Every structure is written in structure tokens, then in C-alpha cells.
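data36.tsv follows; it contains TSV, C-alpha atoms.
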chain	number	residue	atom	x	y	z
A	184	MET	CA	22.68	-43.55	29.33
A	185	ARG	CA	19.71	-45.39	30.80
A	186	ASP	CA	18.57	-48.99	30.66
A	187	GLU	CA	15.55	-50.25	28.73
A	188	THR	CA	13.21	-49.19	31.56
A	189	GLY	CA	14.35	-45.57	31.28
A	190	GLU	CA	15.92	-45.75	34.74
A	191	PRO	CA	19.59	-45.15	35.58
A	192	THR	CA	21.56	-48.39	35.44
A	193	GLY	CA	20.57	-50.74	38.25
A	194	ALA	CA	17.82	-48.51	39.67
A	195	ALA	CA	14.89	-50.59	38.40
A	196	GLY	CA	16.11	-53.61	40.33
A	197	ARG	CA	16.21	-51.67	43.59
A	198	ARG	CA	12.45	-51.16	43.98
A	199	GLY	CA	9.13	-52.88	43.42
A	200	PRO	CA	8.04	-56.43	44.24
A	201	PHE	CA	10.51	-59.28	44.22
A	202	ARG	CA	11.19	-60.79	40.79
A	203	LEU	CA	13.03	-63.84	39.53
A	204	GLY	CA	16.74	-63.04	39.38
A	205	ASP	CA	16.58	-60.60	42.31
A	206	ARG	CA	18.92	-60.96	45.26
A	207	VAL	CA	17.02	-61.21	48.52
A	208	GLN	CA	18.43	-61.04	52.03
A	209	LEU	CA	16.60	-63.26	54.52
A	210	THR	CA	17.28	-62.38	58.16
A	211	ASP	CA	16.35	-64.71	61.01
A	212	THR	CA	15.18	-63.72	64.47
A	213	LYS	CA	18.76	-63.63	65.75
A	214	GLY	CA	19.78	-61.10	63.09
A	215	HIS	CA	21.73	-63.54	60.92
A	216	PRO	CA	21.40	-62.62	57.22
A	217	PHE	CA	21.33	-65.07	54.32
A	218	THR	CA	21.49	-63.82	50.72
A	219	ILE	CA	19.77	-65.79	47.96
A	220	THR	CA	19.01	-65.24	44.29
A	221	LEU	CA	15.43	-66.00	43.32
A	222	GLU	CA	15.23	-68.80	40.73
A	223	GLU	CA	12.42	-70.70	39.06
A	224	GLY	CA	11.78	-73.77	41.18
A	225	GLY	CA	14.41	-72.75	43.75
A	226	ALA	CA	14.20	-72.95	47.53
A	227	PHE	CA	16.07	-71.60	50.55
A	228	HIS	CA	17.02	-74.59	52.72
A	229	THR	CA	18.04	-74.55	56.38
A	230	HIS	CA	17.92	-77.04	59.24
A	231	LYS	CA	14.76	-75.17	60.25
A	232	GLY	CA	12.91	-76.10	57.07
A	233	PHE	CA	12.83	-74.44	53.67
A	234	VAL	CA	11.21	-71.50	51.89
A	235	PRO	CA	10.29	-71.91	48.19
A	236	HIS	CA	11.48	-68.97	46.11
A	237	ALA	CA	7.95	-68.83	44.66
A	238	ASP	CA	6.72	-67.66	48.10
A	239	LEU	CA	8.77	-64.48	47.61
A	240	VAL	CA	8.17	-63.69	43.93
A	241	GLY	CA	5.64	-60.88	43.55
A	242	ARG	CA	5.72	-59.89	47.21
A	243	PRO	CA	6.96	-56.48	48.45
A	244	GLU	CA	10.14	-55.83	50.40
A	245	GLY	CA	9.73	-56.05	54.14
A	246	THR	CA	7.78	-59.29	53.84
A	247	VAL	CA	8.02	-61.96	56.52
A	248	VAL	CA	8.10	-65.53	55.20
A	249	ARG	CA	8.00	-68.79	57.11
A	250	THR	CA	9.81	-72.03	56.53
A	251	THR	CA	8.00	-75.34	56.44
A	252	TYR	CA	8.73	-75.59	60.19
A	253	GLY	CA	7.18	-72.17	60.85
A	254	VAL	CA	10.44	-70.25	61.43
A	255	GLU	CA	10.19	-66.60	60.37
A	256	TYR	CA	12.59	-64.69	58.11
A	257	LEU	CA	12.43	-61.03	57.15
A	258	ALA	CA	12.91	-60.52	53.38
A	259	LEU	CA	14.58	-57.36	52.02
A	260	ARG	CA	16.82	-56.54	49.10
A	261	PRO	CA	20.42	-56.34	50.33
A	262	LEU	CA	21.93	-52.86	50.53
A	263	LEU	CA	25.19	-52.24	48.71
A	264	SER	CA	26.95	-52.47	52.07
A	265	ASP	CA	25.44	-55.94	52.51
A	266	TYR	CA	26.30	-56.99	48.98
A	267	VAL	CA	30.00	-56.15	49.07
A	268	VAL	CA	30.72	-58.10	52.25
A	269	SER	CA	28.89	-61.21	51.03
A	270	MET	CA	29.86	-61.29	47.34
A	271	PRO	CA	32.39	-63.81	45.99
A	272	ARG	CA	35.89	-62.47	46.34
A	273	GLY	CA	39.39	-63.17	45.23
A	274	ALA	CA	41.23	-60.21	46.72
A	275	ALA	CA	40.13	-58.61	49.98
A	276	VAL	CA	37.37	-56.03	49.61
A	277	VAL	CA	37.36	-52.39	50.64
A	278	TYR	CA	34.78	-52.40	53.41
A	279	PRO	CA	31.77	-50.06	53.36
A	280	LYS	CA	33.13	-47.73	56.02
A	281	ASP	CA	36.24	-47.06	53.94
A	282	ALA	CA	34.42	-46.95	50.59
A	283	ALA	CA	32.08	-44.31	52.02
A	284	GLN	CA	35.10	-42.28	53.14
A	285	VAL	CA	36.68	-42.54	49.69
A	286	VAL	CA	33.54	-41.37	47.90
A	287	THR	CA	33.00	-38.48	50.34
A	288	MET	CA	36.50	-37.30	51.14
A	289	ALA	CA	37.72	-37.64	47.56
A	290	ASP	CA	34.56	-35.74	46.54
A	291	VAL	CA	33.54	-38.18	43.80
A	292	PHE	CA	30.67	-36.37	42.08
A	293	PRO	CA	28.12	-37.27	39.37
A	294	GLY	CA	29.81	-37.14	35.97
A	295	ALA	CA	33.33	-37.34	37.42
A	296	ARG	CA	36.14	-39.02	35.50
A	297	VAL	CA	37.80	-41.44	37.90
A	298	VAL	CA	40.76	-43.78	37.50
A	299	GLU	CA	40.96	-46.64	39.99
A	300	ALA	CA	43.79	-49.14	40.56
A	301	GLY	CA	43.60	-51.96	41.55
A	302	VAL	CA	40.12	-53.25	41.26
A	303	GLY	CA	40.37	-56.13	43.74
A	304	SER	CA	36.98	-57.86	43.93
A	305	GLY	CA	35.02	-54.85	42.69
A	306	ALA	CA	33.63	-53.49	45.98
A	307	LEU	CA	35.04	-49.96	45.73
A	308	THR	CA	34.38	-49.96	41.98
A	309	THR	CA	30.67	-50.43	42.63
A	310	TYR	CA	30.60	-47.50	45.05
A	311	LEU	CA	32.46	-45.30	42.57
A	312	LEU	CA	30.06	-46.19	39.75
A	313	ARG	CA	27.08	-45.34	41.91
A	314	ALA	CA	28.68	-41.97	42.70
A	315	VAL	CA	29.61	-40.93	39.14
A	316	GLY	CA	26.36	-42.17	37.58
A	317	ASP	CA	25.72	-43.22	34.01
A	318	HIS	CA	27.28	-40.06	32.59
A	319	GLY	CA	30.56	-40.28	34.49
A	320	LEU	CA	33.51	-42.59	33.91
A	321	VAL	CA	35.31	-45.07	36.16
A	322	HIS	CA	38.30	-46.66	34.46
A	323	SER	CA	39.64	-49.49	36.62
A	324	VAL	CA	43.11	-50.94	36.14
A	325	GLU	CA	43.99	-54.33	37.62
A	326	ARG	CA	47.29	-56.17	37.24
A	327	ARG	CA	45.80	-59.65	37.70
A	328	ALA	CA	43.39	-61.01	35.11
A	329	ASP	CA	41.82	-63.41	37.60
A	330	PHE	CA	41.00	-60.58	40.03
A	331	ALA	CA	39.58	-58.56	37.13
A	332	ALA	CA	37.30	-61.45	36.13
A	333	VAL	CA	35.90	-61.76	39.66
A	334	ALA	CA	35.41	-57.99	39.91
A	335	GLN	CA	33.61	-57.86	36.57
A	336	GLY	CA	31.21	-60.59	37.66
A	337	ASN	CA	30.51	-58.84	40.98
A	338	VAL	CA	29.98	-55.39	39.48
A	339	GLU	CA	27.68	-56.64	36.74
A	340	GLY	CA	25.91	-58.88	39.24
A	341	TYR	CA	25.06	-55.89	41.40
A	342	PHE	CA	23.84	-53.62	38.62
A	343	GLY	CA	22.19	-56.45	36.71
A	344	ALA	CA	24.02	-55.53	33.49
A	345	PRO	CA	27.30	-53.99	32.30
A	346	HIS	CA	27.54	-50.44	33.61
A	347	PRO	CA	27.88	-47.83	30.81
A	348	ALA	CA	30.33	-45.74	32.85
A	349	TRP	CA	32.79	-48.55	33.55
A	350	ARG	CA	35.95	-49.45	31.68
A	351	LEU	CA	38.28	-52.22	32.84
A	352	THR	CA	41.89	-52.67	31.78
A	353	VAL	CA	44.17	-55.53	32.79
A	354	GLY	CA	47.74	-54.30	33.16
A	355	ASP	CA	50.09	-52.16	35.17
A	356	LEU	CA	48.87	-48.64	35.95
A	357	ALA	CA	52.18	-47.00	35.04
A	358	ASP	CA	51.99	-48.52	31.57
A	359	ALA	CA	48.22	-48.28	31.05
A	360	LEU	CA	47.34	-44.82	32.38
A	361	PRO	CA	49.07	-42.72	29.68
A	362	GLY	CA	47.01	-44.60	27.07
A	363	ILE	CA	43.78	-44.33	29.06
A	364	ALA	CA	43.66	-40.61	29.73
A	365	GLU	CA	45.15	-37.50	28.23
A	366	PRO	CA	47.27	-35.43	30.62
A	367	GLY	CA	45.21	-33.21	32.88
A	368	THR	CA	41.83	-34.81	32.09
A	369	VAL	CA	41.14	-36.99	35.15
A	370	ASP	CA	39.18	-35.62	38.11
A	371	ARG	CA	40.01	-38.29	40.69
A	372	VAL	CA	42.61	-41.06	41.03
A	373	VAL	CA	42.04	-43.78	43.62
A	374	LEU	CA	44.92	-46.17	44.38
A	375	ASP	CA	44.43	-49.37	46.36
A	376	MET	CA	47.73	-51.20	45.95
A	377	LEU	CA	50.79	-52.33	47.85
A	378	ALA	CA	53.13	-49.56	46.68
A	379	PRO	CA	51.10	-46.54	45.49
A	380	TRP	CA	54.17	-44.30	45.65
A	381	GLU	CA	55.44	-46.02	42.51
A	382	ASN	CA	52.57	-44.47	40.52
A	383	LEU	CA	52.51	-40.91	41.84
A	384	ALA	CA	54.15	-39.46	38.73
A	385	VAL	CA	51.64	-40.97	36.25
A	386	ALA	CA	48.78	-40.03	38.58
A	387	ALA	CA	49.98	-36.43	38.68
A	388	ASP	CA	50.27	-36.39	34.88
A	389	ALA	CA	46.68	-37.58	34.46
A	390	LEU	CA	45.02	-35.40	37.11
A	391	ALA	CA	43.57	-32.01	36.29
A	392	PRO	CA	44.69	-29.10	38.51
A	393	GLY	CA	42.71	-29.38	41.72
A	394	GLY	CA	42.02	-33.06	41.13
A	395	VAL	CA	42.12	-35.42	44.12
A	396	LEU	CA	44.42	-38.37	44.66
A	397	CYS	CA	43.13	-40.84	47.25
A	398	CYS	CA	45.21	-43.81	48.40
A	399	TYR	CA	44.23	-46.76	50.57
A	400	VAL	CA	47.02	-48.59	52.41
A	401	ALA	CA	46.98	-51.18	55.18
A	402	THR	CA	49.99	-50.42	57.39
A	403	ALA	CA	51.68	-47.46	59.04
A	404	THR	CA	54.89	-48.33	57.17
A	405	GLN	CA	53.15	-47.91	53.83
A	406	LEU	CA	51.46	-44.72	55.01
A	407	SER	CA	54.74	-43.15	56.11
A	408	ARG	CA	56.53	-43.91	52.87
A	409	LEU	CA	53.55	-42.76	50.79
A	410	ALA	CA	53.29	-39.42	52.60
A	411	GLU	CA	56.97	-38.67	52.06
A	412	ALA	CA	56.76	-39.68	48.41
A	413	VAL	CA	53.79	-37.34	47.90
A	414	ARG	CA	55.79	-34.46	49.36
A	415	ASP	CA	58.85	-35.32	47.28
A	416	GLU	CA	56.82	-35.58	44.04
A	417	GLY	CA	56.33	-31.82	44.10
A	418	ARG	CA	52.99	-31.56	42.29
A	419	PHE	CA	50.68	-32.27	45.21
A	420	THR	CA	49.42	-30.38	48.23
A	421	GLU	CA	50.34	-31.42	51.77
A	422	PRO	CA	48.74	-34.87	52.26
A	423	THR	CA	46.07	-35.63	54.83
A	424	ALA	CA	45.74	-39.10	56.37
A	425	TRP	CA	43.26	-40.77	58.70
A	426	GLU	CA	41.49	-44.00	59.58
A	427	SER	CA	37.89	-44.67	60.58
A	428	MET	CA	36.48	-47.07	63.13
A	429	VAL	CA	32.88	-48.21	63.46
A	430	ARG	CA	31.37	-49.30	66.78
A	431	THR	CA	27.78	-50.50	66.86
A	432	TRP	CA	25.57	-50.25	69.93
A	433	HIS	CA	23.42	-52.77	71.73
A	434	LEU	CA	19.80	-51.55	71.94
A	435	GLU	CA	17.57	-53.50	74.31
A	436	GLY	CA	15.20	-51.58	76.56
A	437	LEU	CA	17.31	-49.62	79.02
A	438	ALA	CA	20.39	-51.72	78.23
A	439	VAL	CA	21.82	-49.28	75.71
A	440	ARG	CA	25.59	-49.63	75.50
A	441	PRO	CA	28.40	-50.10	72.99
A	442	ASP	CA	28.73	-53.58	71.55
A	443	HIS	CA	31.69	-55.60	72.74
A	444	ARG	CA	32.98	-56.00	69.20
A	445	MET	CA	33.68	-53.33	66.63
A	446	VAL	CA	35.12	-52.84	63.18
A	447	GLY	CA	38.48	-51.40	64.09
A	448	HIS	CA	41.44	-50.86	61.81
A	449	THR	CA	41.03	-51.92	58.20
A	450	GLY	CA	43.29	-49.42	56.49
A	451	PHE	CA	44.55	-45.86	56.23
A	452	LEU	CA	43.32	-43.31	53.72
A	453	LEU	CA	45.47	-40.50	52.37
A	454	THR	CA	44.26	-37.67	50.16
A	455	THR	CA	46.07	-34.87	48.40
A	456	ARG	CA	45.26	-32.51	45.52
A	457	ARG	CA	47.02	-31.74	42.27
A	458	LEU	CA	48.71	-28.36	42.07
A	459	ALA	CA	48.69	-26.28	38.92
A	460	ASP	CA	51.68	-26.80	36.65
A	461	GLY	CA	54.72	-24.78	37.64
A	462	VAL	CA	53.47	-24.11	41.17
A	463	GLU	CA	55.60	-25.18	44.11
A	464	PRO	CA	53.81	-26.36	47.23
A	465	PRO	CA	54.10	-24.04	50.24
A	466	VAL	CA	56.88	-24.96	52.62
A	467	ARG	CA	55.60	-26.54	55.80
A	468	LYS	CA	56.22	-24.33	58.81
A	469	ARG	CA	56.55	-27.19	61.25
A	470	ARG	CA	59.26	-29.76	60.70
A	471	PRO	CA	59.64	-32.98	62.65
A	472	ALA	CA	62.41	-33.44	65.14
A	473	PRO	CA	65.88	-34.48	63.96
A	474	GLY	CA	66.10	-38.22	63.50
A	475	ALA	CA	62.52	-38.60	62.27
A	476	TYR	CA	63.83	-39.27	58.77
A	477	PRO	CA	66.30	-42.19	58.73
A	478	VAL	CA	68.79	-42.43	55.90
A	479	PRO	CA	67.26	-44.86	53.36
A	480	SER	CA	69.23	-47.95	52.48
A	481	ALA	CA	70.77	-48.27	49.04
A	482	THR	CA	68.32	-51.00	48.05
A	483	GLU	CA	65.12	-49.57	49.60
A	484	ASP	CA	63.80	-47.99	46.41
A	485	ASP	CA	64.38	-51.21	44.48
A	486	ALA	CA	62.64	-53.49	46.98
A	487	VAL	CA	59.63	-55.45	45.78
A	488	TRP	CA	56.72	-55.20	48.22
A	489	THR	CA	54.55	-58.29	48.67
A	490	GLU	CA	51.47	-59.20	50.70
A	491	GLU	CA	53.67	-61.13	53.12
A	492	ASP	CA	55.57	-57.92	53.95
A	493	PHE	CA	52.40	-56.60	55.58
A	494	GLY	CA	51.27	-59.81	57.25
A	495	ASP	CA	48.67	-60.69	54.60
A	496	ALA	CA	48.41	-64.22	53.31
A	497	PRO	CA	48.60	-64.44	49.50
A	498	VAL	CA	45.37	-65.35	47.73
A	499	SER	CA	45.41	-69.00	46.72
A	500	PRO	CA	44.67	-70.05	43.12
A	501	LYS	CA	41.93	-72.34	44.48
A	502	LYS	CA	40.14	-69.40	46.09
A	503	ILE	CA	40.30	-67.44	42.84
A	504	ARG	CA	38.92	-70.36	40.83
A	505	ARG	CA	36.05	-70.75	43.30
A	506	ALA	CA	35.25	-67.02	43.17
A	507	ARG	CA	35.34	-66.98	39.37
A	508	ARG	CA	32.91	-69.90	39.18
A	509	ALA	CA	30.62	-68.18	41.71
A	510	VAL	CA	30.30	-65.08	39.51
A	511	GLY	CA	29.81	-67.08	36.33
A	512	ARG	CA	33.28	-66.53	34.86
A	513	PRO	CA	35.08	-69.87	35.19
A	514	PRO	CA	38.81	-70.01	34.36
A	515	GLU	CA	39.61	-70.81	30.78
A	516	GLY	CA	41.09	-74.18	29.90
Please render this file's structure as C-alpha cells.
Amino acid sequence: MRDETGEPTGAAGRRGPFRLGDRVQLTDTKGHPFTITLEEGGAFHTHKGFVPHADLVGRPEGTVVRTTYGVEYLALRPLLSDYVVSMPRGAAVVYPKDAAQVVTMADVFPGARVVEAGVGSGALTTYLLRAVGDHGLVHSVERRADFAAVAQGNVEGYFGAPHPAWRLTVGDLADALPGIAEPGTVDRVVLDMLAPWENLAVAADALAPGGVLCCYVATATQLSRLAEAVRDEGRFTEPTAWESMVRTWHLEGLAVRPDHRMVGHTGFLLTTRRLADGVEPPVRKRRPAPGAYPVPSATEDDAVWTEEDFGDAPVSPKKIRRARRAVGRPPEG
């Protein structure tokens, strides 16, 4: 499916001169970016003067505009990596470095059928939709209606319209997935949740043989429990886990060196693939030393995992209300 311009969804808004309704990223001489949406009669105000939006409309990307005080700003459309870190959010976003790893290492291809849970603020969803294209399918499942509302506003805000490949369901994955997909029909399952091991069985039911399960978790404790649960489930290959770190470099004449700050740990990624029915995974030849597997407590499997367990502060209702208003979906009532 294509939009009224004949382009794939969102493509028309990624090229050509600036138009009303476009998002524009203005970057000052110190490299600080500011994202605005061009509006009739609007203006970008700073303590260094202002730039009327009309000065940008009709001009090409890469334009330099000046405020009323003569301060220069470089005008470009924000990349997706810029958009996801600046968009309104309720839940924390999956950062570009991890989203890129998910798309690549889970081998999300054009036309793929992908199930994602949870949707958070819609950052990873947007990457997945770009990867599958208009003829694929991304079905996102989110337990919280307020998070889903923020994500919907962010996704549609990026593409400029509802994406034809996206479906969004509010509910619990274990309950929703059997009604979303027939067994063995999903190519990829991506889980970004506190306790992904609770949904391994329904994920295995939905995945086609050879399909990829990709999980994103924040702590080593989650990663350890998830890896053992994948092995115990019996329908997956030996899991692979890793993390990525990004370090930018300072480039100034001969002073070329790593920056003092970097994007370090954000989360762990684990991937595994669905075995064919009736096939047992090969036995690992190397086993860990005795004592590596403590005897689980009687109540461990029944424990409820919360954000506080992993050192994350819960998202306040005020923050959600503010994010919903920012994406044009204010709370009802």
C-alpha cells in the first residue's frame, strides 16, 4: 500500500523543500539541536532572537537561517535516530543503537510478520515498520492503554499518517497473541518487557520454524533468568546474548580522540530461533561449573517483577498525561 503521492508511507515527507507541518531540526553553532514543527504564523524563539517559520517554508534541507539577532542555525529534517530521542515519551524508549541491533540481528526483512510487546513510547515500533515496509505487518501489544496512546501518536507523527502495516492491541501478550496470529505464522517476535520468560510458550507457538525471538532486558539478573528459561522451554536454539556501546570521537584538527562521554549500557539483547516441531535442541557440550545454578526458592516463579526491582523509577501519571497531550491524544475525562 502506498500513500496518495504513490510513495511508500512516510517517504514523501522525507525529501523536497520544507513544507508546513514538517518537523525541522535547527542546530546552533555549538551543535545543540532544536526540533520544531513548521506552522502557519509560527516562530522559533530563543534568547538569541527568533526565526519565523515562514523563513523555512519552501527552502531546501541544509539551509542556514538567521535569527533576528543574526545567530545562525542549520536546518535539516531530523533523522529517525533524532526523532526517537526527542519525541514525547511515557515509557523509556529503545535507543537507536539497540533498535538498529534488533532490526539487524533479528533479521527483520521487508514483508516480515512481526509481533512486538510492549510498545513503550513507539521508538522500536517505528524502526520495525520502516524495516517491514508497507507490505509487512507489525502487530504491537501493550498492557497499558496510556503507553499505547503515546506510542500511537509518536508513530503516526513520524510517518505523517497511520501506517498500513501496523496493528496495535492493548492487553497482555499471553492472552492476546493466540487471537492475533495462527500457530506457526509469525516470522519474528520482539519482547521488551520486565519478565519475557513468562511469554516464551506463546511466542514459540506463534513463531514459524526458523523464526527469530529477540528479547531486550535491562539487567544481568533478567538476562540470566531469560537464558535459562529459553533453554528449558525446549523449542528454541541455544540463545545468544550481547550488549552494544557507542563512543563518539572528538574531531578538531589534529586533536582526534575519543569523547569523554559515551553511550554505555542501556540493555542486553538476546536472540534465539524456533526449532521445528518435535526436534530436540542439541545438548551443549560445555556445562558450567557446579554451583552455577542455585536451587530456586519456592516462591521465585510466582514473584511479580516491577520496575523498582531493577532500579527504575515508575512512570508518573503526570508524565503520561503530559506526553499524551504532546502527541495530540489527551486523556479522556
For region 238-255 of chain A, find every residue with an atom within 10 Å (counting all atoms listed in the file), except residues of its own chain fewer than 3 positions away, and show them as a PDB file with C-alpha atoms, in the frame of the given file.
ATOM      1  CA  ARG A 198      12.450 -51.160  43.980  1.00  0.00           C
ATOM      2  CA  GLY A 199       9.130 -52.880  43.420  1.00  0.00           C
ATOM      3  CA  PRO A 200       8.040 -56.430  44.240  1.00  0.00           C
ATOM      4  CA  PHE A 201      10.510 -59.280  44.220  1.00  0.00           C
ATOM      5  CA  ARG A 202      11.190 -60.790  40.790  1.00  0.00           C
ATOM      6  CA  LEU A 203      13.030 -63.840  39.530  1.00  0.00           C
ATOM      7  CA  GLY A 204      16.740 -63.040  39.380  1.00  0.00           C
ATOM      8  CA  ASP A 205      16.580 -60.600  42.310  1.00  0.00           C
ATOM      9  CA  VAL A 207      17.020 -61.210  48.520  1.00  0.00           C
ATOM     10  CA  GLN A 208      18.430 -61.040  52.030  1.00  0.00           C
ATOM     11  CA  LEU A 209      16.600 -63.260  54.520  1.00  0.00           C
ATOM     12  CA  THR A 210      17.280 -62.380  58.160  1.00  0.00           C
ATOM     13  CA  ASP A 211      16.350 -64.710  61.010  1.00  0.00           C
ATOM     14  CA  THR A 212      15.180 -63.720  64.470  1.00  0.00           C
ATOM     15  CA  LEU A 221      15.430 -66.000  43.320  1.00  0.00           C
ATOM     16  CA  GLU A 222      15.230 -68.800  40.730  1.00  0.00           C
ATOM     17  CA  GLU A 223      12.420 -70.700  39.060  1.00  0.00           C
ATOM     18  CA  ALA A 226      14.200 -72.950  47.530  1.00  0.00           C
ATOM     19  CA  PHE A 227      16.070 -71.600  50.550  1.00  0.00           C
ATOM     20  CA  HIS A 228      17.020 -74.590  52.720  1.00  0.00           C
ATOM     21  CA  THR A 229      18.040 -74.550  56.380  1.00  0.00           C
ATOM     22  CA  HIS A 230      17.920 -77.040  59.240  1.00  0.00           C
ATOM     23  CA  LYS A 231      14.760 -75.170  60.250  1.00  0.00           C
ATOM     24  CA  GLY A 232      12.910 -76.100  57.070  1.00  0.00           C
ATOM     25  CA  PHE A 233      12.830 -74.440  53.670  1.00  0.00           C
ATOM     26  CA  VAL A 234      11.210 -71.500  51.890  1.00  0.00           C
ATOM     27  CA  PRO A 235      10.290 -71.910  48.190  1.00  0.00           C
ATOM     28  CA  ALA A 258      12.910 -60.520  53.380  1.00  0.00           C
ATOM     29  CA  LEU A 259      14.580 -57.360  52.020  1.00  0.00           C
ATOM     30  CA  ARG A 260      16.820 -56.540  49.100  1.00  0.00           C
TER      31      ARG A 260
END
Next item on the list: Show which residues sit within 9 Å of Thr402 (chain A), as a VMD selection string. Count all atoms listed in the file, and ignore same-chain residues fewer than 3 positions away.
Entry: chain A and resid 405 to 407 450 to 451 493
Checklist line | Contacts of region 438-448 of chain A within 6 Å, only C-alpha atoms, excl. fewer than 6 positions in-chain, as number ranges by chain | finding: A: 428-432
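Between CA of Thr352 (chain A) and CA of Gly196 (chain A) the separation is 27.2 Å.
Here the question is which of A:Gly225, A:Pro271, A:Pro422, A:Gly193 gets nearest to Ala332 (chain A) using all atoms listed in the file, and that residue is A:Pro271.
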Next item on the list: Do a neighbour search on Arg512 (chain A) at 10 Å with only C-alpha atoms, toss out local chain neighbours closer than 2 positions, and write the hits as an NGL selection string.
Entry: :A and (329 or 332-333 or 335-336 or 504-510 or 514-515)
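Distance annotation: of A:Ala306, A:Val353, A:Asn337, A:Leu257, the residue with the minimal separation from Asp281 (chain A) is A:Ala306; atom set is only C-alpha atoms.
The nearest approach to Ala237 (chain A) among the residues A:Asp317, A:Thr192, A:Leu434, A:Thr220, with only C-alpha atoms taken into account, belongs to A:Thr220.
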Check: Can you find the residues with an atom no farther than 8 Å from (42.1, -53.1, 40.3), counting all atoms listed in the file, and report them as a list in words?
Finding: Glu299, Ala300, Gly301, Val302, Gly303, Ser304, Gly305, Ser323, Val324, Glu325, Arg326, Arg327, Phe330, Ala331 and Asp375 of chain A
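CA of Leu409 (chain A) sits 9.1 Å away from CA of Glu381 (chain A).
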Item checked: Two-atom distance - CA of Gly343 (chain A), CA of Gly316 (chain A) (Å) -> 14.9 Å
Next item on the list: In the coordinate frame of the file, compute which residues have an atom within 10 Å of (37.6, -39.1, 43.5) when using all atoms listed in the file, and state them as a PyMOL selection string.
Entry: chain A and resi 285-292+295-299+311+314-315+321+369-373+394-397+454
